[in-house]
Every structure is written in structure tokens, then in C-alpha cells.
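Okay, structure first, notes after.
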Amino acid sequence: MIGFLRDRKVRDYFWQGLATIGLLAVVWFFVQNASENMQKAGMATGFQFLWRDSGIEVPFNLTGYKPSDTILALLWTGIVNTILVSVVSIAVATVIGFSVGLLRLSRNWLLSSLAGFYIEFVRNIPLLFFVLFWYFGVLAALPTPRESMGLFDVVFLNRRGLSIPTPNDLAGFRIAIVATLVLIAVQFGLSRWARARQARTGRDFPLWAVGFVLCGALPLAAFVAAGFTTSWDVPTLRGFNYRGGFVLVPEFVALFAALSTYTAGFIAEVVRGGIQSVRQGQLDAGRALGLSPGRVVRLVVIPQAMPVIIPPITSQYLNLIKNSSFGAAIAYPDIVSVFMGSALVATGQAVEIIAITLAIYLTLSLFVSLLMNWYNARHKLVTR
Amino acid sequence: MRVFASAVSAAFFVVASSAGAQQLAPSPTLDAIKARGHIECGVHLGLPGFSFANDKGEWTGLDVDYCKSLAAAVLGDATKVKFTPTSVQQRWAVLQSGQVDLLSRNTTITFSRNATLGVNFQGINFYEGQTFVVRTKAKVAAVKDLADATICVAAGSTEEKMAADWFRERNLKVTIINFQKNDDAISAYDQGRCDAYTAGIGALAGQRIKFKNPEEHQILSEIISNDPQGPVTRWGDERWQLIVRWVLNGTIAAEALGVTSKNVDEMKAKSANSEVRRLLGVEGKFGEMMGISNDWMFNAIKQVGNYGESYERTVGMGSPLKLPRGANQLWTKGGLLFTPPFQ
């Protein structure tokens with residue numbers, strides 16, 4: 001009868017099942033307890049507030065949100081803004097981080113100590129200070145709207161942000177985007193073909209030159225052509241501010257600058273560590289094969305450093321996403337500012353709102369982790 | 001049998017309540033205050049005139065004075081208050097979780113707050129009205145001239161919503177930038193990020209001091225909203241709510257009855273006015289009915305003063321803010337401050 005209990009697998013499943021049920025019971029108890037106590041205290045509970053009118057103004061949104069929309073739409077606007085600043089900052093932080101990390105290893109004393117100074121400076125300053133420094137520093141340096149810096153009278157830079165014209169008709173741009181995607185696909189196919197041919201015949205193909213034309217010059221021409229076929233909504237000074245076009249607000253610029261330069265400092269150290277983990281013998285072997293120094297880095301060092309670099313860089317990316325919440329301090333309308341700030345005070349439903357915000361950050365972070373793990377698995381060193 | 005049982009318990013109740021002192025409803029908040037020896041009062045992070053800590057950590061202001069009066073009434077000593085500075089976002093959670101006994105911090109009374117947050121508003125100690133501060137050289141005379149302007153505001157305040165509504169209803173476009181803290185919104189406005197900063201007219205009078213060059217700014221006299229403010233308590237514990245409400249009424253009644261911190265001893269000893277006598281605990285034992293000393297309002301007025309004295313000292317002519325009484329004048333003198341009778 002109890003013979004099956006001797007099976008180790010069965011016992012493992014039994015204990016794991018028991019632990020899961022226990023965990024769920026604890027969570028259920030806390031949720032139940034909280035909602036009961038809140039009801040007793042006369043506080044509104046539940047998620048119905050998400051469908052209420054928000055009435056909250058968001059100065060920077062890409063979702064077409066209006067204050068007459070629901071709080072759910074407000075939440076979505078916040079999420080989009082958080083993702084926007086995170087993605088742009090991650091991209092730029094990676095570029096700066098890799099550059100500084102490589103400079104740190106440079107044989108040039110001036111370059112490597114400058115890079116070292118940057119890393120130490122950035123890593124030893126609290127991020128909030130950094131964000132406020134960028135914000136108020138940027139604001140103080142910019143002119144008032146009436147004294148705006150203009151470029152060809154279509155682009156204007158002032159304390160209210162960077163006003164750029166927007167096209168009134170997007171049809172041409174859609175065609176240009178599709179054309180660009182097709183060209184990138186062609187370039188991708190070409191590179192596979194070139195690699196196969198090189199493996200077969202040993203003949204090189206001018207992949208970079210072709211790529212420059214296919215993915216650089218041609219798309220640029222397509223976008224310029226699209227720009228000439230439409231009319232533009234050009235910002236003009238009306239009353240206090242420039243109206244029309246799209247305004248890149250200084251809050252975004254300051255937060256983006258702070259997050260990317262800050263995280264870059266950490267990424268640079270990770271990159272340096274990763275590269276130094278590649279043994280000298282590998283470099284010597286590469287050189288002995290007659291590879292140029294650039295190729296040694298590209299073909300020998302980087303592929304072996306990447307598996308060391310990726311996991312810690314992933315946690316830097318996750319940190320950056322979470323750190324984007326510092327935007328609330330400078331009124332960047334991210335999820336913390338509009339949802340955990342404005343919407344929370346408007347509705348007072350702190351428990352629900354904080355739970356939703358937590359869930360969203362968790363989802364974003366898990367998604368990034370999955371992506372990076374997938375990338376890491378693909379690029380793992382195949383050892384024989 | 002059951003009839004007999006309920007008759008017996010009813011008899012017991014009558015005997016018990018007539019024999020001893022008055023039976024008081026339980027008040028866990030008051031018991032806790034007496035046990036710990038001070039009141040926990042939630043105030044603003046720093047708003048000159050209303051709640052502001054100086055460099056020695058001493059709190060002053062109209063909202064602070066109310067908490068001091070409450071401490072004098074409940075514990076007999078106006079200094080037995082601990083002030084907890086709270087931000088716009090924290091305030092409700094701090095009150096709901098029981099960290100403070102009450103909030104006294106420029107909080108506007110609104111329907112949805114009353115209906116959904118589990119809080120009660122216990123009266124009005126300041127009639128605030130929302131307006132805007134602009135640079136004098138911007139040549140703004142009325143609020144509608146702010147069309148197309150950028151406005152800095154503290155996120156989650158009633159002002160944020162009110163300003164958005166006001167301009168939307170009039171089909172005027174403005175850009176509203178929400179800061180998490182008042183001070184950040186103020187310094188962003190001061191740096192030129194915004195054309196205007198919006199808050200209550202009383203709050204602005206105090207916050208104006210924080211600008212780099214206060215004389216370069218002007219506060220518009222046009223008021224776009226009506227923001228009554230006063231002390232806030234949690235739902236439940238009616239007896240504590242009663243005390244909070246009637247200490248506020250008491251300070252206003254004292255001004256109406258001419259009782260001040262200077263003449264309160266004399267009034268207590270000599271006044272023939274029976275409402276004064278009840279207020280100061282000579283007659284009626286009003287304090288006992290709430291479970292505190294009958295000297296409650298005597299202590300409060302003696303140590304802190306009546307509403308008018310407190311107003312003049314903190315935001316009125318005796319202060320840097322120099323706010324006229326306006327709506328915050330007694331109803332007998334053309335204002336809106338009114339108190340039910342002490343009877």
C-alpha cells in the first residue's frame with residue numbers, strides 16, 4: 001500500500017506539492033486579511049477604479065492618452081513611458097559602457113585613467129543626486145522659450161524641451177519603414193550567403209560596404225523622399241510656448257542621460273572584467289595565426305568574454321529598468337509618477353496600485369532576464 | 001425566560017449607568033495617547049505659515065498650533081505633540097495605518113476622499129482657494145491668460161486635478177508637469193521649467209519665500225476653486241473624533257466669545273456668560289463627557305490661544321505671510337468661520 005512512498009520521485013513531488021500549497025495558503029491569508037481589514041476601516045477595495053475617469057494630465061505621452069480617458073489608459077501611458085526610457089537608456093548605456101570598458105584597458109595612460117576616473121566617479125554617487133543634477137543642470141543651461149535656440153527655424157530647443165516638427169501624413173514613412181525592413185532582410189541573407197561562400201571557396205565578400213549602402217544610404221534616401229512628399233507640423237511660438245510638432249521634454253532627456261551615463265559606469269567594469277578573464281595565451285594564439293589586432297578582439301576575445309559578461313550585464317539592465325522610477329523625482333511621467341503617484345492619491349487605493357506596479361516591474365524584469373538568458377545560451381562557448 | 005433575561009440585563013444597565021460616572025464609549029486612540037503621553041500629529045513636510053520646522057526643529061504654523069491645542073486639551077500640556085512630516089502621497093497611508101492620531105496638514109476636504117479613503121474631516125480651520133504664481137514680467141492678469149502655458153504642480157494634489165479641469169472646461173490648452181514633492185515643483189518653476197506654479201493662495205504666500213527672488217513673482221488674485229481644509233481622522237473611534245472636532249470648534253468659539261490667552265484666567269474666574277463658563281469648564285463638565293479634563297479648552301486657550309491669535313501669529317499680520325483674514329474671519333465679522341454652540 002505505502003510501497004510507492006519508497007519511490008524517491010514520488011516523495012519529491014509530494015514535498016514540492018505541499019510547499020506550493022503552503023505558500024499559496026500564506027499568500028491567500030495575507031490577501032484575505034488585508035482586504036478584510038481595509039473593509040473594516042472603510043477603505044474602498046477592488047480593481048473597479050481602473051475604469052474610472054482619470055482626469056490627470058500627462059505632458060509626455062506616445063499613446064494618445066487624454067485626461068478624459070480611464071485610469072487604465074493612464075497606467076498604459078506610464079508603462080510605455082517606463083519602457084521607452086529604459087530601452088533607449090539600455091542601448092546607450094551599453095554603447096558607452098563597452099567603449100569605456102575597452103578604454104579602461106587601453107595602453108594609453110591618459111585614456112585609461114580618464115576611463116578609470118569616470119567609472120569611479122559614477123559608481124560612487126547616489127543615483128537620485130545624479131538625476132537631479134542632470135535635470136536642474138540641463139534646465140539651468142537652456143534658454144527660455146522666447147530666447148530659444150533654433151535650427152533652420154523648424155527645430156527649437158529651450159527649457160520646455162526640444163520641439164521638432166512632425167509629418168502630417170505618415171503614408172510615405174510607412175513605405176520607407178517597410179523598404180528598410182526588406183533591405184535589412186536582404187543584407188541578412190547576403191551575409192549568410194557570403195559566409196557560406198567564404199567557407200566553400202575562401203573568397204571574401206565586401207559585406208560592410210554593401211551593408212552600408214543597403215542598410216544605411218538607401219533607407220536614408222527613402223526617408224528623405226518620404227519627408228519631401230508630406231507637409232509638416234512645424235512648432236511655432238504662440239503665447240508662452242512653442243505649439244505644434246512633438247516636444248521631447250527635458251524630464252525625458254535628463255532621466256535618459258542620468259540612467260545611461262550611470263549604468264554605463266557599471267557596465268564598463270563588467271566589460272573590463274570579462275575581457276581580462278580571457279587568457280593571454282588566446283590572444284597570442286590569435287596573433288600567431290596572423291589575425292590583425294582588430295580581428296583578434298572581434299573573433300577571439302569578445303566571443304570568449306561574452307559568456308562572462310552577459311549575466312552581470314543582465315542584472316545591470318534590470319537595475320536600470322528599476323532605477324527608471326527615479327524619474328518620478330523630476331516629474332518624468334513614468335509608471336511610478338503617474339500611477340503610483342497621481343492615480344494613487346486620486347483614488348487612495350494604495351494596496352491595489354502598489355500590487356499592480358510590482359507586478360508590472362516583475363514582468364518587465366522577467367522578460368529581460370528571459371531574453372538575456374536566451375541570448376547567453378545561444379552564444380555560450382561550445383567547449384570540446 | 002428570554003424576556004426575563006433581557007429585563008434583568010436592562011435593569012443592570014440602568015443601575016450601572018446611574019450609579020457610577022458616565023459610561024463612555026471605548027476610545028482606543030485616546031487610551032493609547034494617554035498611555036504614551038503625547039499626540040502623534042501628521043503635518044506637512046514644510047509649508048511656512050502652516051507647518052514648518054525651524055533650524056532647531058521647533059514646529060510652528062496654523063496646522064501645528066491646532067495640534068498643540070489638542071495636546072493641551074487632552075494631556076494638559078501643549079508641548080506633548082510629536083509631529084510627523086508627511087508628503088502628499090504618504091498622508092493617507094500614515095493615517096490609515098495608525099501611525100498618527102490625526103492629520104493636520106493643508107488637506108482639502110473632498111467627497112471622494114471622505115467616501116473611499118476611510119477618513120473623516122472634522123471641521124475647517126482654513127478656507128483655502130487655488131490660484132497661480134507667475135513671473136511679473138510675463139504680464140498675466142487673469143488665469144485665462146495662462147492659455148498655452150506650462151504649469152508645475154504637486155502630483156496627486158487637488159490642485160493638479162482642479163487646474164486640469166479648469167482649463168479643459170474652457171477649451172484652453174496647458175501643459176501640466178506633476179512633481180512628487182511640492183518643493184521640487186517650486187524649484188522647477190523657479191528654474192524656468194514652467195510659466196506658473198499652482199497651489200492654494202495661503203500656501204503660495206508661504207512658498208513664495210522659497211523663490212530665489214520673491215519680488216519677481218506675482219500671485220494672481222483670481223481664485224479658481226474652494227478648498228476648505230481641516231483636521232482629518234480615521235473612521236471608527238467616535239469619541240476621539242468628537243474630541244478632535246470640538247477642540248477645533250472650541251478655539252473658534254473662544255475667539256467669538258472674546259476669550260484670549262491673556263484674559264482666560266480672568267474670564268474663568270469672573271465671566272457671567274454661561275457659554276464661556278461651559279467652554280472653560282466652570283459649568284457643565286463638558287470635558288468629562290469626552291473622557292478628558294474639564295479644563296480642556298482652558299488649557300488649550302491659555303497655552304496656545306484662540307483661533308484668531310493663532311492665525312495672526314502664523315499666517316496673519318504678525319507673520320511674514322501677511323494674509324488678511326478674508327473668508328477665515330468669524331461669521332459675525334463677514335467671514336465663514338462658524339461654530340455650533342457649546343450647550
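Letters A, B, ... go to the chains of the C-alpha cells in the order shown; residues in each chain start at 1; ligands are counted from 1 in the same order.
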
Chain A residues within 6 Å of chain B, counting only C-alpha atoms: which ones, as a PDB file with N, CA and C atoms, in the first residue's frame?
```pdb
ATOM      1  N   ALA A  41     -11.953  49.300   7.920  1.00  0.00           N
ATOM      2  CA  ALA A  41     -11.524  50.695   8.085  1.00  0.00           C
ATOM      3  C   ALA A  41     -12.259  51.638   7.146  1.00  0.00           C
ATOM      4  N   GLY A  42     -13.145  51.073   6.317  1.00  0.00           N
ATOM      5  CA  GLY A  42     -13.938  51.929   5.440  1.00  0.00           C
ATOM      6  C   GLY A  42     -13.219  52.340   4.178  1.00  0.00           C
ATOM      7  N   MET A  43     -12.122  51.628   3.828  1.00  0.00           N
ATOM      8  CA  MET A  43     -11.382  51.984   2.624  1.00  0.00           C
ATOM      9  C   MET A  43     -11.935  51.201   1.442  1.00  0.00           C
ATOM     10  N   ALA A  44     -12.028  51.867   0.291  1.00  0.00           N
ATOM     11  CA  ALA A  44     -12.520  51.210  -0.909  1.00  0.00           C
ATOM     12  C   ALA A  44     -11.520  50.144  -1.347  1.00  0.00           C
ATOM     13  N   PRO A  59       1.975  65.210 -19.584  1.00  0.00           N
ATOM     14  CA  PRO A  59       2.546  66.113 -20.583  1.00  0.00           C
ATOM     15  C   PRO A  59       3.322  65.403 -21.680  1.00  0.00           C
ATOM     16  N   ARG A 159      13.917  75.634 -22.435  1.00  0.00           N
ATOM     17  CA  ARG A 159      13.699  74.968 -21.144  1.00  0.00           C
ATOM     18  C   ARG A 159      12.474  74.071 -21.127  1.00  0.00           C
ATOM     19  N   ARG A 160      11.602  74.235 -22.113  1.00  0.00           N
ATOM     20  CA  ARG A 160      10.395  73.388 -22.173  1.00  0.00           C
ATOM     21  C   ARG A 160      10.652  72.129 -22.982  1.00  0.00           C
ATOM     22  N   PHE A 240       3.032  81.536 -24.556  1.00  0.00           N
ATOM     23  CA  PHE A 240       4.145  81.176 -23.692  1.00  0.00           C
ATOM     24  C   PHE A 240       5.132  80.224 -24.347  1.00  0.00           C
ATOM     25  N   ALA A 329      11.016  61.708  -9.421  1.00  0.00           N
ATOM     26  CA  ALA A 329      11.550  62.860  -8.684  1.00  0.00           C
ATOM     27  C   ALA A 329      11.611  64.104  -9.555  1.00  0.00           C
ATOM     28  N   ALA A 331       9.507  64.552 -12.261  1.00  0.00           N
ATOM     29  CA  ALA A 331       8.245  64.677 -12.990  1.00  0.00           C
ATOM     30  C   ALA A 331       8.280  64.023 -14.358  1.00  0.00           C
ATOM     31  N   SER A 342       0.122  60.095  -8.978  1.00  0.00           N
ATOM     32  CA  SER A 342      -1.133  60.799  -9.206  1.00  0.00           C
ATOM     33  C   SER A 342      -2.355  59.910  -8.992  1.00  0.00           C
ATOM     34  N   VAL A 345      -3.016  58.859  -5.293  1.00  0.00           N
ATOM     35  CA  VAL A 345      -3.591  59.871  -4.413  1.00  0.00           C
ATOM     36  C   VAL A 345      -5.018  60.202  -4.839  1.00  0.00           C
ATOM     37  N   ALA A 346      -5.275  60.136  -6.156  1.00  0.00           N
ATOM     38  CA  ALA A 346      -6.630  60.431  -6.620  1.00  0.00           C
ATOM     39  C   ALA A 346      -7.617  59.378  -6.139  1.00  0.00           C
ATOM     40  N   GLY A 348      -6.704  56.708  -3.790  1.00  0.00           N
ATOM     41  CA  GLY A 348      -6.410  56.259  -2.428  1.00  0.00           C
ATOM     42  C   GLY A 348      -6.279  54.758  -2.298  1.00  0.00           C
TER      43      GLY A 348
END
```

Would you please give, as a PyMOL selection string, all residues of range 166-341 of chain A that DSSP assigns to alpha helix (DSSP H) based on the backbone? chain A and resi 171-201+207-212+218-228+250-276+280-288+293-295+302-323+335

Using only C-alpha atoms for the distances, tell me which of A:Thr166, A:Ser315, A:Gln304, A:Ser337 is nearest to Arg243 in chain A. A:Thr166

If we count only C-alpha atoms and set the cut-off at 7 Å, which residues sit around range 59-66 of chain B, ignoring sequence neighbours fewer than 4 positions away in its own chain? Please answer as a PDB file with N, CA and C atoms, in the first residue's frame.
```
ATOM      1  N   PRO B  48       5.657  77.110   5.078  1.00  0.00           N
ATOM      2  CA  PRO B  48       5.728  78.239   6.004  1.00  0.00           C
ATOM      3  C   PRO B  48       4.338  78.793   6.306  1.00  0.00           C
ATOM      4  N   GLY B  49       4.090  79.048   7.584  1.00  0.00           N
ATOM      5  CA  GLY B  49       2.798  79.571   7.997  1.00  0.00           C
ATOM      6  C   GLY B  49       1.835  78.500   8.457  1.00  0.00           C
ATOM      7  N   PHE B  50       1.984  77.277   7.922  1.00  0.00           N
ATOM      8  CA  PHE B  50       1.042  76.216   8.263  1.00  0.00           C
ATOM      9  C   PHE B  50       1.706  75.124   9.085  1.00  0.00           C
ATOM     10  N   SER B  51       2.772  74.543   8.542  1.00  0.00           N
ATOM     11  CA  SER B  51       3.573  73.650   9.385  1.00  0.00           C
ATOM     12  C   SER B  51       4.994  73.706   8.867  1.00  0.00           C
ATOM     13  N   PHE B  52       5.857  74.223   9.687  1.00  0.00           N
ATOM     14  CA  PHE B  52       7.218  74.481   9.261  1.00  0.00           C
ATOM     15  C   PHE B  52       8.131  74.308  10.462  1.00  0.00           C
ATOM     16  N   ALA B  53       9.197  73.536  10.276  1.00  0.00           N
ATOM     17  CA  ALA B  53      10.143  73.340  11.372  1.00  0.00           C
ATOM     18  C   ALA B  53      11.322  74.284  11.173  1.00  0.00           C
ATOM     19  N   ASN B  54      11.695  75.017  12.207  1.00  0.00           N
ATOM     20  CA  ASN B  54      12.855  75.910  12.075  1.00  0.00           C
ATOM     21  C   ASN B  54      14.142  75.109  12.260  1.00  0.00           C
ATOM     22  N   LEU B  70      -4.778  70.709  20.759  1.00  0.00           N
ATOM     23  CA  LEU B  70      -5.339  69.390  21.043  1.00  0.00           C
ATOM     24  C   LEU B  70      -4.558  68.713  22.169  1.00  0.00           C
ATOM     25  N   SER B 104      -3.132  67.066  10.326  1.00  0.00           N
ATOM     26  CA  SER B 104      -3.466  68.479  10.339  1.00  0.00           C
ATOM     27  C   SER B 104      -2.488  69.114   9.367  1.00  0.00           C
ATOM     28  N   ARG B 105      -2.811  69.024   8.068  1.00  0.00           N
ATOM     29  CA  ARG B 105      -1.792  69.379   7.078  1.00  0.00           C
ATOM     30  C   ARG B 105      -2.363  69.874   5.756  1.00  0.00           C
ATOM     31  N   VAL B 304      -2.047  78.002  23.978  1.00  0.00           N
ATOM     32  CA  VAL B 304      -1.862  78.225  22.540  1.00  0.00           C
ATOM     33  C   VAL B 304      -2.604  79.472  22.061  1.00  0.00           C
ATOM     34  N   SER B 310      -3.922  82.599  16.998  1.00  0.00           N
ATOM     35  CA  SER B 310      -3.063  81.673  16.282  1.00  0.00           C
ATOM     36  C   SER B 310      -2.914  82.114  14.830  1.00  0.00           C
ATOM     37  N   TYR B 311      -4.022  82.541  14.208  1.00  0.00           N
ATOM     38  CA  TYR B 311      -3.996  82.983  12.810  1.00  0.00           C
ATOM     39  C   TYR B 311      -3.045  84.155  12.633  1.00  0.00           C
ATOM     40  N   THR B 314       0.647  83.101  12.934  1.00  0.00           N
ATOM     41  CA  THR B 314       1.252  82.165  11.985  1.00  0.00           C
ATOM     42  C   THR B 314       1.148  82.613  10.538  1.00  0.00           C
TER      43      THR B 314
END
```

Give me the residues of range 177-253 of chain A that have any atom at most 12 Å from an atom of range 128-141 of chain A; for each, the nearest atom pair and the distance in Å, rounded to one decimal. Use only C-alpha atoms, sort by chain and number, and format it as CSV.
```
residue,atom,partner,partner_atom,distance
A:Val249,CA,A:Leu139,CA,10.7
A:Pro250,CA,A:Tyr135,CA,7.2
A:Glu251,CA,A:Tyr135,CA,6.7
A:Phe252,CA,A:Tyr135,CA,9.2
A:Val253,CA,A:Tyr135,CA,8.2
```

Would you save the residues from that selection as a compact mmCIF listing (two decimals), in the first residue's frame, using N, CA and C atoms?
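Saved the output as part_13.txt:
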```
# COMPACT_ATOMS: atom_id res chain seq x y z
N VAL A 249 10.50 66.29 -23.88
CA VAL A 249 10.57 67.10 -22.66
C VAL A 249 11.92 66.95 -21.97
N PRO A 250 12.37 67.97 -21.24
CA PRO A 250 13.68 67.89 -20.56
C PRO A 250 13.71 66.80 -19.51
N GLU A 251 12.52 66.44 -18.96
CA GLU A 251 12.50 65.36 -17.96
C GLU A 251 13.01 64.06 -18.58
N PHE A 252 12.54 63.80 -19.82
CA PHE A 252 12.99 62.58 -20.50
C PHE A 252 14.49 62.63 -20.74
N VAL A 253 14.95 63.77 -21.27
CA VAL A 253 16.37 63.89 -21.60
C VAL A 253 17.22 63.72 -20.35
```
